[in-house]
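The structure appears right after this line, and notes come after that.
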Amino acid sequence: MPHNERNRGTMDSFNLDAEYTFEDSFFRAVKVGGRVSERRERDLNNGFTWTALGRGWNGDPQLTFADARPGDVEYYAFDNFFHGDIGVPANTLWPSIALLEGVTADELHRPAPLGYGGARSRPASFLPQDLGLWKTETSAAYAQVRFGRDYEAGKLGFSGNIGGRVVHVKNESQGFIVQDAFSYIRNGQTVSLAQRVDPRGGSASFTRFLPSVNLQLQPAEDVKLRAAYNITMDLPNFNATRGGGNIGVATTSNPISGQPGIFTNFTASTGNPFLKPAMSNNVDVSLEWYAKPGTMFYLNGFYKRITDLPIFSLTQRDVTIRYQNGTTELASAAASDVITATEAATVKGVEVGGRAFLDMLPGALAGFGIEANYTYIDSKNPGDLYRDIFGAIRNDAPLQGLSKHNYNLTLLYERSQLSARVAYSWRSKYLQSTNANGTTPTYTFVSAPGAAGQSVQIALPVYGDAYGQVDVGLTYKVTDNLSFTIRGTNVLNATQRTLMGGYKNDAIYTRSWFQSDRRVSLGANLAF
């Protein structure tokens with residue numbers, strides 16, 4: 001499966017800041033500044049040469065290992081799969097290393113021999129359509145005022161800052177829309193698509209004002225109340241803004257051996273050079289209590305309203321199909337495109353946590369402590385769409401990557417030259433994707449025995465299941481300049497699962513299992 005990439009990226013930036021500080025004044029400082037940058041990327045990527053190199057994949061009758069030559073097959077034993085917790089066949093047959101080592105990249109690019117038709121020849125060098133270009137130009141200016149008065153007994157402490165930033169961004173990308181030559185059966189006839197490569201790209205500019213206000217009240221020496229409001233901006237990544245893409249055909253297998261697949265629908269996938277930056281209006285309020293040195297507790301509430309999020313959405317749009325006989329067709333395609341969400345997402349929640357040491361205990365026991373926090377998040381993203389198992393479009397998914405329940409618990413020990421941690425982190429189910437590879441096929445739905453089949457396009461959401469793991473760490477400080485560390489990650493070998501939704505009655509089914517294994521690292525830190 002040959003694959004070549006040759007990518008290059010650069011970023012040049014310049015910033016200048018100036019600050020004026022006040023003495024004996026409620027106003028403490030005024031700061032202004034600016035920044036300009038230019039980021040470029042040039043990618044050459046010729047994809048993976050997926051080819052039908054053997055029978056069974058290309059429509060020819062499947063051969064068995066009994067047909068192999070001596071030395072072409074060897075046994076492999078899965079003797080510790082998932083540390084022996086999962087039962088799999090003890091011995092399996094695979095092509096031998098000796099057989100595979102005899103195959104060169106040049107041979108993979110040659111046309112297949114007779115009886116192994118269907119292999120696609122592709123040169124190892126780059127073609128024009130393998131090129132992708134990106135450029136982002138940014139210029140920004142800001143001003144900020146810091147102010148405040150310190151807490152004194154009987155006198156409220158009050159401090160904070162107010163500022164604003166003006167940002168101008170120009171995004172540009174260039175690429176190609178590729179339609180590969182392909183044959184399939186449609187309405188009982190063999191149809192062949194033409195190979196086509198069409199340049200595509202564009203640019204878009206945006207100017208945004210980003211205000212920021214941070215305030216702190218201190219009614220007592222050990223209590224602080226903080227409040228903040230700001231607007232933040234996040235640019236879509238280069239993959240989302242790519243100019244290129246592809247047009248193709250989805251097919252089902254043909255019951256007649258050696259015949260092309262049977263047409264189900266056209267497909268399309270592109271980036272979007274015109275995507276807007278995502279904007280988030282954020283409000284945070286927190287109460288902090290510093291009970292004594294090393295011991296503190298806090299309560300925090302937050303709210304975010306996010307607009308113009310880029311989402312990967314399965315939609316229907318018209319594309320121009322070109323055939324080998326020179327004709328064209330304007331057809332509807334199931335398009336996996338990056339678009340700007342038309343509805344705002346919201347995130348709201350609360351976090352509570354703290355840290356305390358048992359310093360009331362005698363001797364070495366006073367070094368023990370505990371740190372813990374819990375976060376509840378309620379997120380909604382009605383602009384993100386998926387298609388359930390019946391093909392119905394739904395918008396009830398949460399924001400990607402956010403769990404509703406999250407907590408961390410850490411046991412601490414700090415004494416003299418020794419520092420130790422045992423931490424457990426856990427999160428509940430969270431959305432990974434509404435449009436992942438392998439979850440967006442078209443299948444034939446038969447409502448009742450004898451009824452006509454109906455093609456249904458789906459895009460099922462994928463979730464990460466609830467997961468928690470234990471990590472440990474120990475540091476011994478020999479001197480102020482030398483320390484040694486040992487860390488263990490996932491020491492209990494926790495298993496992660498992915499889940500797939502969109503089924504009848506909102507049922508969720510397990511899709512896959514992963515185990516990253518425990519890892520142990522040793523380190524030394526020398527300062528001089």
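Chain labels A, B, ... are given in the sequence in which chains occur in the structure tokens; within each chain residues are numbered consecutively from 1, and ligands are likewise numbered from 1 in the order shown.
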
Give me every strand (DSSP E) residue in stretch 297-496 of chain A, going by DSSP on the backbone, as a PyMOL selection string.
-> chain A and resi 297-307+310-322+328-340+345-357+368-380+386-387+393-394+405-415+418-427+430-433+442-445+454-457+462-464+467-477+482-489+495-496

Could you give me, as a Markdown table, a per-residue list for stretch 416-478 of chain A showing, wherever an atom lies at most 10 Å from an atom of stretch 503-509 of chain A, the closest pair of atoms and their distance in Å to one decimal, using only C-alpha atoms and sorting by chain then residue number from low to high?
```
| residue | atom | partner | partner_atom | distance |
| --- | --- | --- | --- | --- |
| A:Leu460 | CA | A:Tyr503 | CA | 8.3 |
| A:Pro461 | CA | A:Ile508 | CA | 9.7 |
| A:Val462 | CA | A:Ile508 | CA | 9.4 |
| A:Tyr463 | CA | A:Ile508 | CA | 9.2 |
```

Within 12 Å of A:Asp384 using only C-alpha atoms, minus same-chain residues under 3 positions, as JSON, numbers by chain | {"A": [307, 308, 309, 310, 311, 312, 313, 314, 315, 338, 339, 340, 341, 342, 343, 344, 345, 380, 381, 387, 393, 394, 395, 396, 397, 398, 399, 400, 431, 433, 434, 435, 459, 461]}

Can you tell me, as a list in words, what residues are no more than 8 Å from stretch 205-212 of chain A when counting only C-alpha atoms, ignoring any on the same chain fewer than 3 positions away?
-> Ile162, Gly163, Gly164, Arg165, Val166, Val167, His168, Val169, Lys170, Asn171, Ala228, Tyr229, Asn230, Ile231, Thr232, Met233, Lys276 and Pro277 of chain A

What's the 8 Å shell around stretch 186-200 of chain A, counting only C-alpha atoms, without same-chain residues fewer than 6 positions away, as a PDB file with N, CA, C and O atoms, in the first residue's frame?
```pdb
ATOM      1  N   GLN A 129      -2.774  16.686  -8.734  1.00  0.00           N
ATOM      2  CA  GLN A 129      -3.870  16.697  -7.777  1.00  0.00           C
ATOM      3  C   GLN A 129      -3.436  16.359  -6.347  1.00  0.00           C
ATOM      4  O   GLN A 129      -4.244  16.427  -5.422  1.00  0.00           O
ATOM      5  N   GLN A 174      -5.882  26.209  -1.720  1.00  0.00           N
ATOM      6  CA  GLN A 174      -6.021  25.754  -3.098  1.00  0.00           C
ATOM      7  C   GLN A 174      -5.849  24.242  -3.143  1.00  0.00           C
ATOM      8  O   GLN A 174      -5.055  23.669  -2.395  1.00  0.00           O
ATOM      9  N   GLY A 175      -6.616  23.596  -4.011  1.00  0.00           N
ATOM     10  CA  GLY A 175      -6.511  22.155  -4.170  1.00  0.00           C
ATOM     11  C   GLY A 175      -7.188  21.714  -5.456  1.00  0.00           C
ATOM     12  O   GLY A 175      -7.356  22.499  -6.389  1.00  0.00           O
ATOM     13  N   PHE A 176      -7.613  20.447  -5.476  1.00  0.00           N
ATOM     14  CA  PHE A 176      -8.225  19.885  -6.685  1.00  0.00           C
ATOM     15  C   PHE A 176      -9.386  18.977  -6.293  1.00  0.00           C
ATOM     16  O   PHE A 176      -9.317  18.261  -5.284  1.00  0.00           O
ATOM     17  N   ILE A 177     -10.449  19.006  -7.095  1.00  0.00           N
ATOM     18  CA  ILE A 177     -11.535  18.040  -6.989  1.00  0.00           C
ATOM     19  C   ILE A 177     -11.212  16.887  -7.937  1.00  0.00           C
ATOM     20  O   ILE A 177     -11.029  17.094  -9.142  1.00  0.00           O
ATOM     21  N   VAL A 178     -11.132  15.669  -7.392  1.00  0.00           N
ATOM     22  CA  VAL A 178     -10.708  14.502  -8.158  1.00  0.00           C
ATOM     23  C   VAL A 178     -11.876  13.525  -8.294  1.00  0.00           C
ATOM     24  O   VAL A 178     -12.545  13.191  -7.310  1.00  0.00           O
ATOM     25  N   GLN A 179     -12.116  13.084  -9.526  1.00  0.00           N
ATOM     26  CA  GLN A 179     -13.040  11.981  -9.789  1.00  0.00           C
ATOM     27  C   GLN A 179     -12.234  10.886 -10.471  1.00  0.00           C
ATOM     28  O   GLN A 179     -11.739  11.067 -11.578  1.00  0.00           O
ATOM     29  N   ASP A 180     -12.072   9.745  -9.805  1.00  0.00           N
ATOM     30  CA  ASP A 180     -11.296   8.638 -10.371  1.00  0.00           C
ATOM     31  C   ASP A 180     -12.116   7.867 -11.402  1.00  0.00           C
ATOM     32  O   ASP A 180     -13.351   7.793 -11.321  1.00  0.00           O
ATOM     33  N   GLY A 243      -8.979  23.172  -0.002  1.00  0.00           N
ATOM     34  CA  GLY A 243      -9.713  23.493  -1.220  1.00  0.00           C
ATOM     35  C   GLY A 243     -10.147  22.270  -1.995  1.00  0.00           C
ATOM     36  O   GLY A 243     -11.105  22.319  -2.765  1.00  0.00           O
ATOM     37  N   GLY A 244      -9.433  21.152  -1.831  1.00  0.00           N
ATOM     38  CA  GLY A 244      -9.689  19.973  -2.635  1.00  0.00           C
ATOM     39  C   GLY A 244     -10.704  19.020  -2.040  1.00  0.00           C
ATOM     40  O   GLY A 244     -11.236  19.221  -0.949  1.00  0.00           O
ATOM     41  N   PRO A 260     -18.615  -5.710 -11.971  1.00  0.00           N
ATOM     42  CA  PRO A 260     -18.501  -4.511 -11.126  1.00  0.00           C
ATOM     43  C   PRO A 260     -19.617  -4.437 -10.096  1.00  0.00           C
ATOM     44  O   PRO A 260     -20.662  -5.098 -10.220  1.00  0.00           O
ATOM     45  N   ILE A 262     -22.737  -2.823  -7.814  1.00  0.00           N
ATOM     46  CA  ILE A 262     -24.023  -2.258  -8.223  1.00  0.00           C
ATOM     47  C   ILE A 262     -24.203  -0.886  -7.576  1.00  0.00           C
ATOM     48  O   ILE A 262     -24.025  -0.712  -6.371  1.00  0.00           O
ATOM     49  N   PHE A 263     -24.575   0.089  -8.367  1.00  0.00           N
ATOM     50  CA  PHE A 263     -24.694   1.490  -7.941  1.00  0.00           C
ATOM     51  C   PHE A 263     -25.726   1.664  -6.826  1.00  0.00           C
ATOM     52  O   PHE A 263     -26.821   1.102  -6.884  1.00  0.00           O
ATOM     53  N   ILE A 321     -21.165  14.931 -12.727  1.00  0.00           N
ATOM     54  CA  ILE A 321     -20.534  13.644 -12.983  1.00  0.00           C
ATOM     55  C   ILE A 321     -20.129  13.591 -14.461  1.00  0.00           C
ATOM     56  O   ILE A 321     -20.932  13.915 -15.348  1.00  0.00           O
ATOM     57  N   ARG A 322     -18.883  13.199 -14.714  1.00  0.00           N
ATOM     58  CA  ARG A 322     -18.394  13.075 -16.089  1.00  0.00           C
ATOM     59  C   ARG A 322     -18.130  11.600 -16.405  1.00  0.00           C
ATOM     60  O   ARG A 322     -17.479  10.902 -15.620  1.00  0.00           O
ATOM     61  N   TYR A 323     -18.634  11.159 -17.571  1.00  0.00           N
ATOM     62  CA  TYR A 323     -18.510   9.769 -17.981  1.00  0.00           C
ATOM     63  C   TYR A 323     -17.451   9.638 -19.075  1.00  0.00           C
ATOM     64  O   TYR A 323     -17.094  10.617 -19.748  1.00  0.00           O
ATOM     65  N   GLN A 324     -16.967   8.389 -19.242  1.00  0.00           N
ATOM     66  CA  GLN A 324     -15.922   8.149 -20.240  1.00  0.00           C
ATOM     67  C   GLN A 324     -16.403   8.384 -21.657  1.00  0.00           C
ATOM     68  O   GLN A 324     -15.598   8.652 -22.561  1.00  0.00           O
TER      69      GLN A 324
END
```

Who sits within 6 Å of stretch 403-405 of chain A, only C-alpha atoms, same chain under 4 positions skipped, as a ChimeraX atom specification | /A:376-378,427-430

What is the distance, in Å and to one decimal place, between atom CA of A:Thr10 and atom CA of A:Asn272?
-> 21.6 Å

Name all residues at most 8 Å from A:Thr375 (count only C-alpha atoms; drop same-chain ones fewer than 3 positions away) and give them as a ChimeraX atom specification.
-> /A:349-352,404-407
